[in-house]
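Worksheet for the structure shown next.
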Amino acid sequence: MCAMITKEDLIQDIKNLGVKPGDILHLKVSMRSVGKVEGGPKALLDALLEAVGKEGTLVSDAFINACPLPLNEEQKKCIADQHTPSYAGAFANAMIQHPHMKRSKHPIQKYAAIGKHAEQLCNKHTPESGGYDLLHEMAKQGAKNLTIGKKVAGVGTTHVAIDLLGFRRKQMNKGVLYKDENGNTKLAKVNWNGGCAAGFPKFIPHYRQSGGVIGEGPVGQATGLLTSMKRTLEIEMDILRENPRFFFCDDKACYSCQMTWEHSPKNPLSFYPRWLLRNMNSLSFSRIKRLLKTTKNTEKHA
């Protein structure tokens, strides 16, 4: 039976990674990977706050679900606000519940922040901002990314690099309702590109080789990776200028990478047979017919 992990254990692990007082941290945390923590997510949050001190700042992804448009009557009753729970996990929601939490003003790609620079960062991230503009601002301020989990899927700045280089993909037709500063109910639509999480880990060896990694080590039972956001962004920009498809995953049946980006291969004769083979058991006959029709039309106009 695994011993209970204490707040003091976590503080020591966090400091061993290289976290220092005054740090601005962008956090991606899997509490399940950390193990059994005495005090749960709040204990890890308290440990991080103690590690960065009064001059430091914590920022967590605290995004909320967007719904397919047009919204149905039930969805129209859900108005996003600063305390709307996040799908990003237990730690993100512990951040949201903290009494000193600030939430970014973007209606969907919300971040939760606590500390010296929390209000300044959140106030700049408005409904008109890109989904990852706040991370770009953090990189410019010398922030660090701390990812805690079994596997590191990415460090956040890859999204910033994709946007800065002007890569575009077919947008999802999704959104939420929110109230603006005057109390008017408005519709916010997805306005960022995102990407396939399976492709982002390909950058990690390059972070290690080129000075992006500050520290690696255990946080409880999980793996912690501490990186310089400024440096990882520089590394990603260099790689993607050379090879714009580098962030694509290697799965030839991945719809996101193979078909949705302006610079995706978009080879339907190669993609759809692989995709259909993988999804055959879960697809309805009518949907298969629609996909095959799309393939024929694409071939006809190629």
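Quick note on naming: the chains in the structure tokens go A, B, ... in the order shown, residues restart at 1 in each chain, and ligands are numbered from 1 in order of appearance.
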*Within 7 Å of range 91-99 of chain A using only C-alpha atoms, minus same-chain residues under 6 positions, as an MDAnalysis selection string*: chainID A and resid 29 31 41:42 60:62 83 85 112
Per DSSP on the backbone, filter range 156-288 of chain A down to the residues in alpha helix (DSSP H) and report them as a VMD selection string.
chain A and resid 157 to 164 204 to 209 229 to 242 255 268 to 279 285 to 288
Store the residues picked out above in a file with C-alpha atoms, as a PDB file, in the first residue's frame.
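The new file selection-v6.pdb reads:
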ATOM      1  CA  THR A 157       3.644  27.190 -25.957  1.00  0.00           C
ATOM      2  CA  THR A 158       3.206  24.943 -29.008  1.00  0.00           C
ATOM      3  CA  HIS A 159      -0.261  26.473 -29.413  1.00  0.00           C
ATOM      4  CA  VAL A 160       1.302  29.941 -29.296  1.00  0.00           C
ATOM      5  CA  ALA A 161       3.871  29.020 -31.967  1.00  0.00           C
ATOM      6  CA  ILE A 162       1.135  27.618 -34.241  1.00  0.00           C
ATOM      7  CA  ASP A 163      -0.835  30.871 -33.959  1.00  0.00           C
ATOM      8  CA  LEU A 164       2.188  33.146 -34.427  1.00  0.00           C
ATOM      9  CA  ILE A 204      10.275  17.321 -25.808  1.00  0.00           C
ATOM     10  CA  PRO A 205      13.663  15.861 -26.887  1.00  0.00           C
ATOM     11  CA  HIS A 206      14.367  19.197 -28.608  1.00  0.00           C
ATOM     12  CA  TYR A 207      13.581  21.088 -25.396  1.00  0.00           C
ATOM     13  CA  ARG A 208      16.144  18.933 -23.602  1.00  0.00           C
ATOM     14  CA  GLN A 209      18.776  19.335 -26.302  1.00  0.00           C
ATOM     15  CA  MET A 229       8.223  29.152 -21.766  1.00  0.00           C
ATOM     16  CA  LYS A 230      10.342  31.706 -23.627  1.00  0.00           C
ATOM     17  CA  ARG A 231      12.847  29.045 -24.676  1.00  0.00           C
ATOM     18  CA  THR A 232      10.328  26.325 -25.614  1.00  0.00           C
ATOM     19  CA  LEU A 233       8.498  28.869 -27.777  1.00  0.00           C
ATOM     20  CA  GLU A 234      11.751  29.799 -29.556  1.00  0.00           C
ATOM     21  CA  ILE A 235      12.544  26.114 -30.159  1.00  0.00           C
ATOM     22  CA  GLU A 236       9.051  25.410 -31.519  1.00  0.00           C
ATOM     23  CA  MET A 237       9.127  28.422 -33.826  1.00  0.00           C
ATOM     24  CA  ASP A 238      12.477  27.330 -35.286  1.00  0.00           C
ATOM     25  CA  ILE A 239      11.308  23.749 -35.851  1.00  0.00           C
ATOM     26  CA  LEU A 240       7.935  24.716 -37.352  1.00  0.00           C
ATOM     27  CA  ARG A 241       9.443  27.255 -39.736  1.00  0.00           C
ATOM     28  CA  GLU A 242      11.575  24.412 -41.091  1.00  0.00           C
ATOM     29  CA  TYR A 255      -8.589  13.257 -38.865  1.00  0.00           C
ATOM     30  CA  PRO A 268      -8.903  11.183 -48.962  1.00  0.00           C
ATOM     31  CA  LEU A 269      -8.097   7.991 -50.866  1.00  0.00           C
ATOM     32  CA  SER A 270      -5.394   7.238 -48.315  1.00  0.00           C
ATOM     33  CA  PHE A 271      -7.094   8.632 -45.205  1.00  0.00           C
ATOM     34  CA  TYR A 272     -10.717   7.442 -45.311  1.00  0.00           C
ATOM     35  CA  PRO A 273     -10.065   3.675 -45.709  1.00  0.00           C
ATOM     36  CA  ARG A 274      -7.790   3.781 -42.640  1.00  0.00           C
ATOM     37  CA  TRP A 275     -10.264   5.900 -40.690  1.00  0.00           C
ATOM     38  CA  LEU A 276     -13.220   3.694 -41.641  1.00  0.00           C
ATOM     39  CA  LEU A 277     -11.355   0.506 -40.697  1.00  0.00           C
ATOM     40  CA  ARG A 278     -10.649   1.908 -37.231  1.00  0.00           C
ATOM     41  CA  ASN A 279     -14.186   3.245 -36.619  1.00  0.00           C
ATOM     42  CA  PHE A 285     -24.453   2.811 -42.002  1.00  0.00           C
ATOM     43  CA  SER A 286     -25.824   6.253 -42.982  1.00  0.00           C
ATOM     44  CA  ARG A 287     -22.705   7.999 -41.718  1.00  0.00           C
ATOM     45  CA  ILE A 288     -20.446   5.614 -43.626  1.00  0.00           C
TER      46      ILE A 288
END
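Take the candidates A:Ala188, A:Ala51, A:Val155, A:Ala139 and check each one against Val213 in chain A using only C-alpha atoms; the shortest distance goes to A:Val155.
Close contacts of range 168-170 of chain A, defined as residues with an atom at most 10 Å away when counting only C-alpha atoms, with chain neighbours fewer than 6 positions off set aside, comprise A:Ile162, A:Trp192, A:Asn193, A:Gly194, A:Gly195, A:Ser256, A:Cys257, A:Met259, A:Thr260, A:Trp261, A:Glu262, A:His263, A:Ser264.
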Pull the closest atom pair for each residue of range 19-97 of chain A that gets at most 8 Å from range 6-11 of chain A, along with the distance in Å to one decimal, counting only C-alpha atoms, ordering rows by chain and then ascending residue number, as JSON lines.
{"residue": "A:Val37", "atom": "CA", "partner": "A:Thr6", "partner_atom": "CA", "distance": 6.0}
{"residue": "A:Glu38", "atom": "CA", "partner": "A:Thr6", "partner_atom": "CA", "distance": 5.3}
{"residue": "A:Gly39", "atom": "CA", "partner": "A:Thr6", "partner_atom": "CA", "distance": 7.9}
{"residue": "A:Ala43", "atom": "CA", "partner": "A:Lys7", "partner_atom": "CA", "distance": 5.5}
{"residue": "A:Leu44", "atom": "CA", "partner": "A:Lys7", "partner_atom": "CA", "distance": 6.4}
{"residue": "A:Asp46", "atom": "CA", "partner": "A:Lys7", "partner_atom": "CA", "distance": 7.6}
{"residue": "A:Ala47", "atom": "CA", "partner": "A:Ile11", "partner_atom": "CA", "distance": 5.1}
{"residue": "A:Leu48", "atom": "CA", "partner": "A:Ile11", "partner_atom": "CA", "distance": 6.8}
{"residue": "A:Glu50", "atom": "CA", "partner": "A:Ile11", "partner_atom": "CA", "distance": 7.5}
{"residue": "A:Ala51", "atom": "CA", "partner": "A:Ile11", "partner_atom": "CA", "distance": 6.4}
Given the selection you just returned, output its residues as a file containing N, CA and C atoms, formatted as a PDB file, in the first residue's frame.
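Saved result, selection-v4.pdb, follows:
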ATOM      1  N   VAL A  37      -2.778  12.058  -2.047  1.00  0.00           N
ATOM      2  CA  VAL A  37      -2.232  13.242  -1.378  1.00  0.00           C
ATOM      3  C   VAL A  37      -3.093  13.574  -0.169  1.00  0.00           C
ATOM      4  N   GLU A  38      -2.454  13.709   0.971  1.00  0.00           N
ATOM      5  CA  GLU A  38      -3.160  14.125   2.182  1.00  0.00           C
ATOM      6  C   GLU A  38      -3.654  15.565   1.985  1.00  0.00           C
ATOM      7  N   GLY A  39      -4.967  15.719   1.902  1.00  0.00           N
ATOM      8  CA  GLY A  39      -5.531  17.047   1.637  1.00  0.00           C
ATOM      9  C   GLY A  39      -5.927  17.244   0.189  1.00  0.00           C
ATOM     10  N   ALA A  43      -3.998  20.573  -1.218  1.00  0.00           N
ATOM     11  CA  ALA A  43      -2.667  20.447  -0.622  1.00  0.00           C
ATOM     12  C   ALA A  43      -1.575  20.714  -1.656  1.00  0.00           C
ATOM     13  N   LEU A  44      -1.756  20.204  -2.886  1.00  0.00           N
ATOM     14  CA  LEU A  44      -0.780  20.478  -3.937  1.00  0.00           C
ATOM     15  C   LEU A  44      -0.782  21.959  -4.291  1.00  0.00           C
ATOM     16  N   ASP A  46      -1.578  24.441  -2.294  1.00  0.00           N
ATOM     17  CA  ASP A  46      -0.921  25.146  -1.188  1.00  0.00           C
ATOM     18  C   ASP A  46       0.598  24.976  -1.258  1.00  0.00           C
ATOM     19  N   ALA A  47       1.048  23.775  -1.647  1.00  0.00           N
ATOM     20  CA  ALA A  47       2.487  23.521  -1.774  1.00  0.00           C
ATOM     21  C   ALA A  47       3.106  24.402  -2.859  1.00  0.00           C
ATOM     22  N   LEU A  48       2.424  24.524  -3.980  1.00  0.00           N
ATOM     23  CA  LEU A  48       2.914  25.364  -5.082  1.00  0.00           C
ATOM     24  C   LEU A  48       2.921  26.838  -4.690  1.00  0.00           C
ATOM     25  N   GLU A  50       3.240  28.021  -1.700  1.00  0.00           N
ATOM     26  CA  GLU A  50       4.350  28.224  -0.765  1.00  0.00           C
ATOM     27  C   GLU A  50       5.681  28.256  -1.503  1.00  0.00           C
ATOM     28  N   ALA A  51       5.832  27.436  -2.524  1.00  0.00           N
ATOM     29  CA  ALA A  51       7.097  27.385  -3.267  1.00  0.00           C
ATOM     30  C   ALA A  51       7.378  28.679  -4.023  1.00  0.00           C
TER      31      ALA A  51
END
Spatial neighbours of Tyr111 in chain A, 10 Å, only C-alpha atoms, chain gap at least 6 places, as a PyMOL selection string = chain A and resi 26+59-64+82+86+92+95-96+101-105+118+121-122+125+131-132+134-135
Kindly export the residues of the current selection with N, CA and C atoms, as a short mmCIF file (atom, residue, chain, number, x, y, z; two decimals), in the first residue's frame.
data_model
loop_
_atom_site.label_atom_id
_atom_site.label_comp_id
_atom_site.auth_asym_id
_atom_site.auth_seq_id
_atom_site.Cartn_x
_atom_site.Cartn_y
_atom_site.Cartn_z
N HIS A 26 2.97 28.29 -15.34
CA HIS A 26 1.81 27.77 -16.05
C HIS A 26 1.75 26.29 -15.73
N VAL A 59 -0.75 29.90 -12.67
CA VAL A 59 -1.78 29.97 -13.72
C VAL A 59 -2.07 28.55 -14.19
N SER A 60 -3.33 28.16 -14.19
CA SER A 60 -3.72 26.83 -14.66
C SER A 60 -4.69 26.94 -15.82
N ASP A 61 -4.56 26.03 -16.80
CA ASP A 61 -5.63 25.86 -17.79
C ASP A 61 -6.91 25.55 -17.00
N ALA A 62 -7.98 26.28 -17.28
CA ALA A 62 -9.26 26.02 -16.61
C ALA A 62 -10.37 26.21 -17.64
N PHE A 63 -10.16 25.60 -18.82
CA PHE A 63 -11.05 25.77 -19.96
C PHE A 63 -12.41 25.13 -19.68
N ILE A 64 -13.44 25.61 -20.39
CA ILE A 64 -14.77 25.03 -20.23
C ILE A 64 -15.25 24.47 -21.56
N GLN A 82 -17.24 33.42 -14.22
CA GLN A 82 -15.90 33.24 -13.67
C GLN A 82 -15.77 31.99 -12.80
N SER A 86 -14.36 23.62 -14.72
CA SER A 86 -13.54 23.29 -15.89
C SER A 86 -13.48 21.79 -16.10
N ALA A 92 -7.35 22.00 -11.52
CA ALA A 92 -7.88 23.23 -12.11
C ALA A 92 -9.09 23.73 -11.33
N MET A 95 -8.14 25.33 -8.13
CA MET A 95 -7.73 26.71 -8.40
C MET A 95 -8.95 27.63 -8.48
N ILE A 96 -9.98 27.19 -9.21
CA ILE A 96 -11.19 28.00 -9.39
C ILE A 96 -11.85 28.31 -8.05
N MET A 101 -8.57 33.52 -6.30
CA MET A 101 -8.48 33.20 -7.72
C MET A 101 -8.99 34.34 -8.60
N LYS A 102 -8.27 34.59 -9.68
CA LYS A 102 -8.73 35.45 -10.77
C LYS A 102 -8.93 34.56 -11.98
N ARG A 103 -9.96 34.86 -12.78
CA ARG A 103 -10.25 34.03 -13.98
C ARG A 103 -10.15 34.93 -15.20
N SER A 104 -9.49 34.42 -16.24
CA SER A 104 -9.36 35.23 -17.45
C SER A 104 -10.73 35.47 -18.07
N LYS A 105 -10.86 36.57 -18.83
CA LYS A 105 -12.16 37.03 -19.31
C LYS A 105 -12.61 36.34 -20.60
N ALA A 118 -1.67 37.75 -11.21
CA ALA A 118 -2.89 37.07 -11.64
C ALA A 118 -3.88 38.02 -12.31
N LEU A 121 -2.61 39.47 -15.78
CA LEU A 121 -2.65 38.49 -16.86
C LEU A 121 -4.09 38.19 -17.29
N CYS A 122 -4.98 38.02 -16.32
CA CYS A 122 -6.35 37.65 -16.64
C CYS A 122 -7.12 38.79 -17.31
N HIS A 125 -6.78 38.93 -21.07
CA HIS A 125 -7.30 37.82 -21.87
C HIS A 125 -8.81 37.96 -21.99
N GLY A 131 -7.27 32.10 -28.07
CA GLY A 131 -7.37 31.17 -26.95
C GLY A 131 -6.11 31.04 -26.12
N TYR A 132 -4.94 31.23 -26.76
CA TYR A 132 -3.68 31.02 -26.06
C TYR A 132 -2.85 32.30 -25.93
N LEU A 134 -2.86 34.44 -23.59
CA LEU A 134 -2.35 34.60 -22.23
C LEU A 134 -1.01 33.89 -22.05
N LEU A 135 -0.85 32.72 -22.68
CA LEU A 135 0.42 31.99 -22.58
C LEU A 135 1.54 32.75 -23.28
#
Please identify which residues in range 75-195 of chain A DSSP calls strand (DSSP E or B) from the backbone, and express them as a ChimeraX atom specification. /A:79-80,102-103,111-115,144-149,169,174-179,185-189
Serialized selection, C-alpha atoms, as a PDB file, in the first residue's frame:
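Contents of the output file selection15.pdb:
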ATOM      1  CA  ILE A  79     -24.270  31.163 -19.065  1.00  0.00           C
ATOM      2  CA  ALA A  80     -20.510  30.892 -18.596  1.00  0.00           C
ATOM      3  CA  LYS A 102      -8.729  35.453 -10.771  1.00  0.00           C
ATOM      4  CA  ARG A 103     -10.253  34.034 -13.976  1.00  0.00           C
ATOM      5  CA  TYR A 111      -7.399  30.351 -17.175  1.00  0.00           C
ATOM      6  CA  ALA A 112      -7.415  30.441 -13.373  1.00  0.00           C
ATOM      7  CA  ALA A 113      -4.652  32.436 -11.704  1.00  0.00           C
ATOM      8  CA  ILE A 114      -3.505  33.202  -8.160  1.00  0.00           C
ATOM      9  CA  GLY A 115      -0.718  35.532  -7.076  1.00  0.00           C
ATOM     10  CA  LYS A 144       7.938  28.698 -16.586  1.00  0.00           C
ATOM     11  CA  ASN A 145       5.720  25.769 -17.497  1.00  0.00           C
ATOM     12  CA  LEU A 146       5.301  22.996 -14.937  1.00  0.00           C
ATOM     13  CA  THR A 147       3.675  19.799 -16.189  1.00  0.00           C
ATOM     14  CA  ILE A 148       2.888  17.105 -13.612  1.00  0.00           C
ATOM     15  CA  GLY A 149       1.649  13.723 -14.847  1.00  0.00           C
ATOM     16  CA  ARG A 169      -7.390  24.699 -39.624  1.00  0.00           C
ATOM     17  CA  LYS A 174     -18.990  25.458 -31.209  1.00  0.00           C
ATOM     18  CA  GLY A 175     -19.654  28.152 -28.650  1.00  0.00           C
ATOM     19  CA  VAL A 176     -21.099  29.243 -25.303  1.00  0.00           C
ATOM     20  CA  LEU A 177     -23.216  32.077 -23.982  1.00  0.00           C
ATOM     21  CA  TYR A 178     -21.690  34.579 -21.560  1.00  0.00           C
ATOM     22  CA  LYS A 179     -22.443  38.031 -20.184  1.00  0.00           C
ATOM     23  CA  THR A 185     -25.804  37.972 -23.028  1.00  0.00           C
ATOM     24  CA  LYS A 186     -23.558  37.203 -26.004  1.00  0.00           C
ATOM     25  CA  LEU A 187     -22.404  34.187 -27.971  1.00  0.00           C
ATOM     26  CA  ALA A 188     -18.695  33.329 -27.993  1.00  0.00           C
ATOM     27  CA  LYS A 189     -17.437  30.954 -30.671  1.00  0.00           C
TER      28      LYS A 189
END
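Shortest atom-to-atom contact with Cys67 in chain A among A:Ile5, A:Ile214, A:Met172, A:Leu225: A:Met172, counting only C-alpha atoms.
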